[in-house]
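What follows is a set of notes on a single structure, which appears directly below.
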Amino acid sequence: MRVNFFFLSPSFGFRHAPVSKIIFTLTLIITFILGFLGIPPEPLASTYQGVIHKKQIYRLFTGNLFFITLIDLFVGSGLLYHFRVIERILGTAKFAVLVTFVYTFSILSQLILMLLVPSINLIAPGPISLIFALLIVYTNQLPPTTTIFRGFGLRFNAKSLVWLFCVLLFVRSRKISVIGPLTGIVAGLIYEIELLPLKKLLFPESIQNFCSKCFIPMLGTNQSRQSFFSNANRNRNRNRNIQVLNNNQLNVNRQLGHTNMNTNRNQNQNHAQNQLLNNNQNNLSSTEEQLLQSIIERSRNEITNSTENISTQTEEFQNNLQELIGMGFDPEKAKDALRKTRNNLTLATNILLSGN
């Protein structure tokens with residue numbers, strides 16, 4: 001037989017798992033107080049007579065906060081301690097959403113079943129629905145673990161031991177009622193199958209800040225204070241950064257105001273300079289018109305001369321081309337020869353005769 005106590009977890013304590021620590025601590029404290037003072041659990045448990053007839057709705061909430069026997073307390077608290085790994089995987093904000101959904105679903109389901117089935121006398125107290133919901137998430141989220149117990153030809157890992165303890169808790173709660181385990185299993189399946197978009201939700205920031213200021217300091221550990229809803233510190237830093245950005249924006253606006261004033265002054269000066277330039281242009285306009293007229297006349301004369309030259313060149317080119325074609329040369333080669341020799345007939349004929 002070989003035993004490895006790795007199933008207790010590689011890191012002990014509730015570091016980065018404050019919500020699990022709150023549930024674990026409250027369950028232990030309330031169970032020990034009821035046992036030490038000798039208070040019977042029936043006035044706080046969920047019963048048909050108390051919830052429906054006496055309309056003591058608070059029993060649906062208080063019934064999830066304590067165990068009846070020491071065996072249930074030992075098994076249930078051990079499972080809650082082990083399931084703190086889920087909070088480390090999901091994150092505290094998402095884990096708080098999961099816990100809230102499980103408690104809400106189980107309380108509403110218990111109330112509806114009591115209304116439909118009056119024969120239900122007592123629902124097994126304790127956070128049993130939460131334990132079985134976390135069992136479904138634990139089985140789906142965590143990968144297979146190493147063997148920690150080997151004996152009689154069998155191998156057991158952490159998941160197999162967790163299932164063994166859950167079966168033991170289910171058998172013990174079955175003597176009273178199976179409503180708690182069943183509602184927990186259904187809530188866990190709804191969360192994992194994603195029938196509702198719960199995995200995308202986060203706990204509200206206002207409640208996070210309130211819990212980090214009021215409830216977590218009562219636990220007395222600096223780690224829990226630092227790890228619980230770290231978004232609170234992020235929000236403070238974000239608000240400070242927003243204030244700094246606002247101050248920078250105000251300074252930028254002031255600088256823009258000064259620059260706008262300077263630009264208006266520069267625009268006025270430029271306007272005055274433009275008026276002076278316009279006056280000077282009006283004075284020079286008369287002389288410029290005379291110069292433009294003389295330039296236009298010269299350009300007209302040059303254009304007429306160039307058109308005449310172009311027309312003569314084209315006529316001479318066509319005449320020379322016809323002569324070369326008449327000599328028996330190829331028209332394309334004759335055109336190339338005339339272009340190379342700039343319309344020189346003698347040179348073009350020499351090129352064609354030489355075969356270049």
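Numbering starts fresh at 1 for the residues of each chain in the structure tokens, the chains themselves are lettered A, B, ... in the order given, and ligands are numbered from 1 as they appear.
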
Contact residues around range 34-39 of chain A with only C-alpha atoms at 12 Å, ignoring same-chain residues under 6 positions, as a list in words: Thr27, Leu28, Ala45, Leu65, Phe66, Phe67, Ile68, Thr69, Leu70 and Leu73 of chain A

I need the residue nearest Arg342 in chain A from this list: A:Glu316, A:Glu205, A:Glu323, A:Glu42. Use only C-alpha atoms for the distance.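 Closest to Arg342 in chain A of all the choices is A:Glu316.
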
Just give me the gap between CA of Lys159 in chain A and CA of His82 in chain A in Å, one decimal is fine.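 Atom-to-atom, CA of Lys159 in chain A and CA of His82 in chain A are spaced 10.5 Å apart.
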
Can you list, as a PyMOL selection string, every residue of range 28-169 of chain A that DSSP puts in helix (DSSP H, G or I)? chain A and resi 28-37+48-53+59-62+70-82+84-90+92-116+128-141+158-169

Would you write out, as JSON lines, a table of all residues in range 64-169 of chain A that have an atom no more than 6 Å from an atom of range 192-204 of chain A, listing for each the closest atom pair and the distance in Å to one decimal, considering only C-alpha atoms and ordering rows by chain and rising residue number?
{"residue": "A:Ala93", "atom": "CA", "partner": "A:Phe203", "partner_atom": "CA", "distance": 5.1}
{"residue": "A:Lys94", "atom": "CA", "partner": "A:Leu202", "partner_atom": "CA", "distance": 5.2}
{"residue": "A:Val97", "atom": "CA", "partner": "A:Phe203", "partner_atom": "CA", "distance": 5.8}

Name the residues in contact with Asn64 in chain A at a cut-off of 9 Å, using only C-alpha atoms, excluding same-chain residues fewer than 4 positions from it; report them as a PyMOL selection string. chain A and resi 27+45-46+59-60+103+124-130

Those same residues - C-alpha atoms - I'd like them written as a PDB file, in the first residue's frame.
ATOM      1  CA  THR A  27     -19.787  27.035   8.362  1.00  0.00           C
ATOM      2  CA  ALA A  45     -33.269  24.290   9.058  1.00  0.00           C
ATOM      3  CA  SER A  46     -35.496  24.327   5.972  1.00  0.00           C
ATOM      4  CA  ARG A  59     -34.751  29.199   7.000  1.00  0.00           C
ATOM      5  CA  LEU A  60     -33.939  28.742   3.309  1.00  0.00           C
ATOM      6  CA  TYR A 103     -27.277  29.445  -3.662  1.00  0.00           C
ATOM      7  CA  ALA A 124     -30.497  18.337   4.806  1.00  0.00           C
ATOM      8  CA  PRO A 125     -28.783  21.429   6.233  1.00  0.00           C
ATOM      9  CA  GLY A 126     -25.352  22.639   5.221  1.00  0.00           C
ATOM     10  CA  PRO A 127     -23.776  23.965   2.013  1.00  0.00           C
ATOM     11  CA  ILE A 128     -24.443  20.609   0.355  1.00  0.00           C
ATOM     12  CA  SER A 129     -25.849  22.079  -2.869  1.00  0.00           C
ATOM     13  CA  LEU A 130     -22.723  24.231  -3.217  1.00  0.00           C
TER      14      LEU A 130
END

Could you pull the residues within 12 Å of Lys340 in chain A, counting only C-alpha atoms, minus those fewer than 5 positions along the same chain, as a list in words?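 The filter keeps Lys333, Ala334, Lys335, Leu345, Leu347, Ala348, Thr349, Asn350, Ile351, Leu352 and Asn356 of chain A.
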
Could you check how far CA of Ser77 in chain A sits from CA of Pro18 in chain A, in Å to one decimal? 15.1 Å

DSSP-assigned strand (DSSP E or B) members of range 24-255 of chain A, reported as a VMD selection string: chain A and resid 47 122 147 to 151 154 to 157
